[in-house]
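Some notes on the structure that comes next.
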Amino acid sequence: MPAAQPVRKRRGILGALSLVAIGIGLYWGLVIAPPDAYQGEVQRIMYLHLPSILTAYLSYFLVFIGSCMYLWKREKRDDILAHSAAEIGVLFTALTIIEGSIWGRPTWGVWWTWDARLTLTAILLLIYAGYLMLRSLIEDESRAASAAAVLGIVGFLDIPLIHMSVYWWRTLHQPPSILQPNKAPWENIAWPLLIPLLINIVAFLLLLFYLLSLRYRLGEMRDEIRMRRLEQSA
Amino acid sequence: MELLKHTSLLLWKDFLLELRRRDSLLTMFFFGTLLLFVFHFSFDLPPDRVAEMAPALLWLAFLFTGTLGLTQLFQVERENHTLEALLLSPLDRGALFLAKSCFNLLLMSLVELVVMPLFWILFNLQGWNLLPQLFLVTLLGTIGFCVLGTMMSAITLRARARELLLPLVLFPLMIPVILATIRCMENIMSAGDLGAAGSWLRLLLGFDVIFVTVGILIFDQVIES
Amino acid sequence: MGHWSFVALAYGIVWSVIVVYFFFLKRRYRKAQMQLSALPSTRTIEEHEQT
């Protein structure tokens with residue numbers, strides 16, 4: 001069934017809005033905002049990094065909700081939501097790691113460090129990349145959906161535990177260092193830096209919902225295709 | 001109480017089957033020992049460093065051995081196509097979850113019970129009196145492993161490349177357990193008791209409690225024929 | 001202070017990846033639309049009857 005016209009129009013508006021927000025965010029973050037006193041221009045990567053990780057966490061929360069709803073009501077649309085959110089979540093998590101790595105190079109002198117935040121993000125990526133792999137390796141659609149839903153729930157519930165264990169591990173065993181990679185660069189943000197940060201967060205969230213709606217519609221269509229093919233062969 | 005009754009029924013069945021064939025137990029035991037040998041050659045540690053590395057090496061060995069056991073977990077049901085029968089029966093699926101987890105726990109603890117002293121002998125370690133405490137901590141970690149592992153084993157039953165997929169999805173989820181267990185063991189070995197590792201132990205216990213509960217609640221949905 | 005190259009690298013990679021993903025998504029979307037229109041549905045009649 002074709003997507004109803006109002007839905008496509010709403011999605012188009014969402015897309016336009018996110019484009020505008022992204023544009024404003026880019027301009028404000030790169031041009032208007034002042035450079036950081038200590039880190040200089042490199043600090044501008046924060047306007048990518050923080051929104052990216054927030055978007056990823058929100059995506060994974062949506063995976064969790066979709067998974068719970070699917071196991072409860074067994075409605076296909078919840079499964080489509082979970083799958084779409086997982087795919088986009090993995091995208092933003094990968095971006096977060098890349099941004100963190102690039103930010104780390106001039107700041108700490110290395111491309112990678114096993115500090116709490118980067119490690120956590122890497123683990124998140126592993127979990128949800130595993131989710132996507134699980135889905136693609138199970139033939140039967142409904143079994144894949146149930147299996148993925150379980151992983152979506154268990155994975156999300158594990159996140160706080162992983163947070164705790166990785167933070168304790170890094171803070172109890174990290175020798176004191178001048179660079180202190182564990183200190184978040186965005187703690188104690190001054191107002192001129194906070195505004196572009198908030199703008200970029202909004203922009204990324206709008207982008208998330210736009211991509212999500214596209215991906216969700218794709219999932220719906222694929223499901224419809226599958227059903228029609230089954231009908232034909234019946 | 002129904003749950004416990006069903007659980008013990010299923011557990012007894014698996015236990016009897018294993019008693020007869022002893023496939024899983026023996027393979028796991030030999031694999032665990034083999035890993036110790038491989039570690040010895042790979043790491044070639046001076047005697048004073050071995051004690052530092054011991055918890056990590058042991059846990060690596062148990063992780064891989066346990067994964068072996070997990071892939072075998074539903075093997076009997078798969079070979080004989082008895083899974084459908086189990087699911088059609090009025091047995092509580094939460095009981096199936098508990099039974100399978102306990103069965104894997106049983107296998108792993110038996111293996112650990114033998115491999116840990118073996119490790120002490122092969123690597124010439126001191127502190128034999130610490131072994132009971134270390135074993136207890138290992139047991140807690142193993143519970144977490146078996147609980148999550150049973151869930152992951154069940155959902156990957158019909159997946160392609162299952163033997164690769166199972167560790168792929170399981171290991172990232174296991175990180176809190178790995179960290180907590182090894183930290184506790186390190187503390188026991190260096191200080192003689194848990195000491196500062198108290199919070200790690202609580203994390204481990206929390207992990208076990210949370211995922212046993214989650215497992216019982218959703219195992220209904222996990223396993224379908 | 002310099003370091004604009006790192007900023008450019010980060011922003012460049014991020015937005016390229018997002019744009020690529022968007023086009024990848026669009027392409028799958030269009031393909032699905034084509035497949036969907038090629039497959040007749042026996043249920044459209046019921047849909048019409050419902051509305």
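Going through the structure tokens in order, the chains are called A, B, and so on, while each chain numbers its residues from 1 and the ligands are numbered from 1 in the order shown.
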
Using only C-alpha atoms, determine which residues of chain A fall within 7 Å of chain C; present them as a compact mmCIF listing (two decimals) with N, CA and C atoms, in the first residue's frame.
```
# COMPACT_ATOMS: atom_id res chain seq x y z
N GLY A 40 41.58 25.25 21.76
CA GLY A 40 41.54 25.92 20.46
C GLY A 40 40.37 25.46 19.62
N GLU A 41 40.59 25.45 18.31
CA GLU A 41 39.51 25.15 17.38
C GLU A 41 39.02 23.72 17.51
N VAL A 42 39.93 22.81 17.90
CA VAL A 42 39.60 21.39 17.97
C VAL A 42 38.37 21.12 18.83
N ARG A 44 35.70 22.38 18.74
CA ARG A 44 34.44 22.44 17.98
C ARG A 44 33.90 21.06 17.64
N ILE A 45 34.76 20.06 17.72
CA ILE A 45 34.30 18.70 17.44
C ILE A 45 33.24 18.29 18.45
N LEU A 95 29.97 6.92 14.20
CA LEU A 95 30.40 8.30 14.02
C LEU A 95 30.98 8.86 15.31
N GLU A 99 34.61 10.49 15.72
CA GLU A 99 34.80 11.86 16.22
C GLU A 99 35.68 11.87 17.46
N ILE A 102 39.29 11.33 16.47
CA ILE A 102 39.90 12.51 15.85
C ILE A 102 40.13 13.61 16.87
N ARG A 215 13.58 5.08 7.20
CA ARG A 215 13.97 3.70 7.39
C ARG A 215 12.77 2.86 7.82
N LEU A 218 10.66 2.18 4.87
CA LEU A 218 11.32 1.13 4.10
C LEU A 218 11.01 -0.24 4.68
N MET A 221 7.49 -1.26 3.84
CA MET A 221 7.37 -1.69 2.45
C MET A 221 7.92 -3.08 2.27
N ARG A 222 9.07 -3.34 2.88
CA ARG A 222 9.69 -4.66 2.75
C ARG A 222 8.78 -5.74 3.30
N ILE A 225 6.03 -6.31 0.88
CA ILE A 225 6.52 -7.08 -0.27
C ILE A 225 6.57 -8.56 0.08
N ARG A 228 3.07 -10.04 0.19
CA ARG A 228 2.48 -10.22 -1.14
C ARG A 228 3.12 -11.39 -1.86
```

request  = Compute the set of chain B residues within 10 Å of chain A, using only C-alpha atoms, and express it as a ChimeraX atom specification.
outcome  = /B:148,151-152,154-162,165-180,183,199-200,203-204,206-207,210-211,214-215,218-225

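Atom pair atom CA of A:Pro51 / atom CA of A:Ala203 has a distance of 8.4 Å (rounded to one decimal).
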
task = For atom CA of B:Leu68 and atom CA of B:Leu34, quote the distance in Å rounded to one decimal.
result =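 Computed distance, atom CA of B:Leu68 to atom CA of B:Leu34, equals 13.2 Å.
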
request  = Using only C-alpha atoms, find the one residue out of A:Pro192, A:Arg77, A:Gly152, A:Ser59 that sits nearest to A:Ala33.
outcome  =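 Smallest distance to A:Ala33 is found for A:Pro192.
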
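Among the candidate residues A:Tyr38, A:Leu132, A:Ile98, A:Leu50, the one lying nearest to A:Trp111 is A:Ile98, with distances computed using only C-alpha atoms.
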
remark   = What separates atom CA of A:Val202 and atom CA of A:Ala94 is a distance of 19.6 Å
